[in-house]
Structures are given as structure tokens and as C-alpha cells.
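The structure appears below as C-alpha cells.
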Amino acid sequence: RRVREAVVSTQSTGKAESSVTELTTRAETAEKEAEEAQRSMKVFEESLYIENEKVEELEKGLETTKAAHHELEEKYADAERILQNEDYEERIEDLEIQNEELTAQTSDLEHMNDEANRKIKMLEEDLSRAEGNREAAESKVKEFEIEVTTIINVLKKME
């Protein structure tokens, strides 16, 4: 009878130790996942910061180009009103070409700004997902810690 009790006790302890080992492994895996999620979040935050700086530069460039474009349009309008003889037609054509170039530049900058804003939105979404993954991993780690503590207490009581 004592031998049977010893065998049953040994089997219970073996199962509990196996459960502790498994939970410890799962907790370590969850902890690694949480660390990876934090690293990913850092990368996304850095990318977001860089993209925000690019957007600010593009917006400044866009404003400068718009101001230059507006100024050129005013000069063009003034030139059209003032210059009516053929000697100035070449100058007017130059101003028209410059106006077209500035219009194209403005369009390009607006497109670049839109693209940068799209990238920022994607990065923000990625960052949000990374934060969710990190929170889920942290929650798993806490659950595993509670399970390990419970099993350890059970093992202590069994001893």
C-alpha cells in the first residue's frame, strides 16, 4: 500500500513538474513575443518620426512653391497689362513657361505630400497593431506567471 502511494505521489509530482516546465516555456515564449512587439513598436515609432519630418519638409517646400507661384502669377498678370508691344512677347512667353513649371512643381509637391501622409497613416496603423500585440503578449505573460505560481503552491502543499 505504501509503495502504491509512493508511486501515485511520484506520478503526480512528475505531472506537476511537467506542467511547470511547460508553463515556464510558454511564459518565456510569451515574454519573447512581448519583447519582439516592443522592438517592432520602436521601429514603427522611428519610421513615423522620420516620415513626419519628411512631411514637414514637403509642406514647407509646398508653401514656398505656392508663394513663388502666386508671386509669378501676379508678375505675369502685371506684365500682361503693362506690356502690349511685341518687344515683350518673349518675356511673357518666358513667364508663361515659368508659370507652367511652377504649377507642375506644385502638383508634384502636393502628390509627394499625399504619399507621405498615406505612409504615415500606414505606419500609425502598424504601430497600433504592434501595441495590441505587445499588450496581448504581456497579458499572456501575466496569465502564465499566475499559473506557475499556482502550480508551485500546489507542489509545495503536496510536499
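Here, A, B, ... name the chains of the C-alpha cells in the order displayed, residue numbers run from 1 inside each chain, and ligands are numbered from 1 in the same displayed order.
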Could you give me, as a list in words, the residues within 8 Å of Ser40 (chain A), counting only C-alpha atoms and dropping anything in the same chain fewer than 4 positions from it?
-> Glu36, Phe44 and Ala130 of chain A
Could you pull the residues within 9 Å of Arg134 (chain A), counting only C-alpha atoms, minus those fewer than 6 positions along the same chain, as an MDAnalysis selection string?
-> chainID A and resid 33:38 41
Once you count only C-alpha atoms, what closest atom pair and distance in Å to one decimal does each residue of region 73-141 of chain A within 8 Å of region 46-61 of chain A have, with rows by chain and rising residue number, as CSV?
residue,atom,partner,partner_atom,distance
A:Leu109,CA,A:Leu58,CA,6.6
A:Met112,CA,A:Leu58,CA,7.3
A:Asn113,CA,A:Leu58,CA,6.0
A:Ala116,CA,A:Val55,CA,6.0
A:Asn117,CA,A:Val55,CA,7.1
A:Lys119,CA,A:Glu51,CA,7.4
A:Ile120,CA,A:Leu48,CA,6.0
A:Leu123,CA,A:Leu48,CA,6.0
A:Glu124,CA,A:Leu48,CA,7.2
Restrict the selected residues to all heavy atoms and save them as a PDB file, in the first residue's frame.
ATOM      1  N   LEU A 109       4.708  68.399 -55.564  1.00  0.00           N
ATOM      2  CA  LEU A 109       4.841  68.508 -54.113  1.00  0.00           C
ATOM      3  C   LEU A 109       3.552  68.077 -53.405  1.00  0.00           C
ATOM      4  O   LEU A 109       3.600  67.430 -52.361  1.00  0.00           O
ATOM      5  CB  LEU A 109       5.236  69.922 -53.700  1.00  0.00           C
ATOM      6  CG  LEU A 109       6.694  70.301 -53.980  1.00  0.00           C
ATOM      7  CD1 LEU A 109       6.925  71.770 -53.725  1.00  0.00           C
ATOM      8  CD2 LEU A 109       7.626  69.456 -53.132  1.00  0.00           C
ATOM      9  N   MET A 112       3.576  64.350 -53.486  1.00  0.00           N
ATOM     10  CA  MET A 112       4.535  63.823 -52.508  1.00  0.00           C
ATOM     11  C   MET A 112       3.975  63.949 -51.087  1.00  0.00           C
ATOM     12  O   MET A 112       4.148  63.050 -50.258  1.00  0.00           O
ATOM     13  CB  MET A 112       5.876  64.552 -52.631  1.00  0.00           C
ATOM     14  CG  MET A 112       6.623  64.220 -53.918  1.00  0.00           C
ATOM     15  SD  MET A 112       8.030  65.301 -54.251  1.00  0.00           S
ATOM     16  CE  MET A 112       9.096  64.928 -52.891  1.00  0.00           C
ATOM     17  N   ASN A 113       3.322  65.063 -50.819  1.00  0.00           N
ATOM     18  CA  ASN A 113       2.716  65.279 -49.503  1.00  0.00           C
ATOM     19  C   ASN A 113       1.617  64.240 -49.247  1.00  0.00           C
ATOM     20  O   ASN A 113       1.531  63.665 -48.160  1.00  0.00           O
ATOM     21  CB  ASN A 113       2.168  66.703 -49.411  1.00  0.00           C
ATOM     22  CG  ASN A 113       1.728  67.056 -48.014  1.00  0.00           C
ATOM     23  OD1 ASN A 113       2.284  66.583 -47.038  1.00  0.00           O
ATOM     24  ND2 ASN A 113       0.718  67.897 -47.907  1.00  0.00           N
ATOM     25  N   ALA A 116       3.286  60.914 -48.529  1.00  0.00           N
ATOM     26  CA  ALA A 116       3.863  60.892 -47.184  1.00  0.00           C
ATOM     27  C   ALA A 116       2.757  60.722 -46.138  1.00  0.00           C
ATOM     28  O   ALA A 116       2.913  59.960 -45.177  1.00  0.00           O
ATOM     29  CB  ALA A 116       4.666  62.158 -46.917  1.00  0.00           C
ATOM     30  N   ASN A 117       1.644  61.403 -46.325  1.00  0.00           N
ATOM     31  CA  ASN A 117       0.516  61.267 -45.394  1.00  0.00           C
ATOM     32  C   ASN A 117      -0.032  59.840 -45.412  1.00  0.00           C
ATOM     33  O   ASN A 117      -0.399  59.288 -44.371  1.00  0.00           O
ATOM     34  CB  ASN A 117      -0.590  62.259 -45.729  1.00  0.00           C
ATOM     35  CG  ASN A 117      -0.243  63.662 -45.282  1.00  0.00           C
ATOM     36  OD1 ASN A 117       0.482  63.851 -44.325  1.00  0.00           O
ATOM     37  ND2 ASN A 117      -0.752  64.648 -45.989  1.00  0.00           N
ATOM     38  N   LYS A 119       1.731  57.128 -46.108  1.00  0.00           N
ATOM     39  CA  LYS A 119       2.716  56.298 -45.405  1.00  0.00           C
ATOM     40  C   LYS A 119       2.588  56.479 -43.894  1.00  0.00           C
ATOM     41  O   LYS A 119       2.688  55.507 -43.142  1.00  0.00           O
ATOM     42  CB  LYS A 119       4.139  56.655 -45.846  1.00  0.00           C
ATOM     43  CG  LYS A 119       4.480  56.152 -47.226  1.00  0.00           C
ATOM     44  CD  LYS A 119       5.912  56.521 -47.606  1.00  0.00           C
ATOM     45  CE  LYS A 119       6.272  56.039 -48.983  1.00  0.00           C
ATOM     46  NZ  LYS A 119       7.648  56.422 -49.352  1.00  0.00           N
ATOM     47  N   ILE A 120       2.381  57.699 -43.460  1.00  0.00           N
ATOM     48  CA  ILE A 120       2.225  57.951 -42.030  1.00  0.00           C
ATOM     49  C   ILE A 120       1.000  57.210 -41.500  1.00  0.00           C
ATOM     50  O   ILE A 120       1.049  56.593 -40.437  1.00  0.00           O
ATOM     51  CB  ILE A 120       2.118  59.467 -41.749  1.00  0.00           C
ATOM     52  CG1 ILE A 120       3.488  60.110 -41.923  1.00  0.00           C
ATOM     53  CG2 ILE A 120       1.571  59.741 -40.359  1.00  0.00           C
ATOM     54  CD1 ILE A 120       3.473  61.607 -41.848  1.00  0.00           C
ATOM     55  N   LEU A 123       1.884  53.618 -41.161  1.00  0.00           N
ATOM     56  CA  LEU A 123       2.779  53.411 -40.017  1.00  0.00           C
ATOM     57  C   LEU A 123       2.009  53.502 -38.699  1.00  0.00           C
ATOM     58  O   LEU A 123       2.274  52.742 -37.765  1.00  0.00           O
ATOM     59  CB  LEU A 123       3.924  54.421 -40.043  1.00  0.00           C
ATOM     60  CG  LEU A 123       4.991  54.168 -41.107  1.00  0.00           C
ATOM     61  CD1 LEU A 123       5.950  55.356 -41.200  1.00  0.00           C
ATOM     62  CD2 LEU A 123       5.748  52.889 -40.811  1.00  0.00           C
ATOM     63  N   GLU A 124       1.064  54.432 -38.637  1.00  0.00           N
ATOM     64  CA  GLU A 124       0.255  54.556 -37.430  1.00  0.00           C
ATOM     65  C   GLU A 124      -0.580  53.295 -37.212  1.00  0.00           C
ATOM     66  O   GLU A 124      -0.734  52.815 -36.079  1.00  0.00           O
ATOM     67  CB  GLU A 124      -0.645  55.795 -37.509  1.00  0.00           C
ATOM     68  CG  GLU A 124       0.123  57.089 -37.354  1.00  0.00           C
ATOM     69  CD  GLU A 124      -0.723  58.341 -37.596  1.00  0.00           C
ATOM     70  OE1 GLU A 124      -1.806  58.250 -38.211  1.00  0.00           O
ATOM     71  OE2 GLU A 124      -0.286  59.404 -37.158  1.00  0.00           O
TER      72      GLU A 124
END
In Å and to one decimal, CA of Val148 (chain A) is distant from CA of Gly132 (chain A) by 24.3 Å
Do you know which residues are at most 8 Å from His69 (chain A) counting only C-alpha atoms, after dropping those on the same chain fewer than 5 positions away, and could you put them as number ranges by chain?
-> A: 99, 102-103
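With only C-alpha atoms as the atoms that count, the residue of A:Asp108, A:Glu115, A:Glu73, A:Glu143 with the shortest distance to Leu95 (chain A) is A:Glu73.
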In Å, rounded to a single decimal, give me how far CA of Leu127 (chain A) is from CA of Ile146 (chain A).
->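 CA of Ile146 (chain A) sits 28.7 Å away from CA of Leu127 (chain A).
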Could you pull the residues within 10 Å of Glu145 (chain A), counting only C-alpha atoms, minus those fewer than 6 positions along the same chain, as a ChimeraX atom specification?
-> /A:23-24,26-27,139,151
Any chance you could export the current selection's C-alpha atoms as a PDB file, in the first residue's frame?
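Okay, again21.pdb is ready:
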ATOM      1  CA  LEU A  23       4.092  26.762 -18.411  1.00  0.00           C
ATOM      2  CA  THR A  24       7.587  28.152 -17.916  1.00  0.00           C
ATOM      3  CA  ARG A  26       5.093  29.145 -22.624  1.00  0.00           C
ATOM      4  CA  ALA A  27       5.793  32.118 -20.346  1.00  0.00           C
ATOM      5  CA  SER A 139      -1.351  39.626 -20.750  1.00  0.00           C
ATOM      6  CA  ILE A 151       1.298  25.148  -9.583  1.00  0.00           C
TER       7      ILE A 151
END
Nearest to Glu110 (chain A), chosen from A:Leu62, A:Ala136, A:Ala30, A:Leu155, with only C-alpha atoms counted in the distances =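 Once distances to Glu110 (chain A) are computed over only C-alpha atoms, the minimum belongs to A:Leu62.
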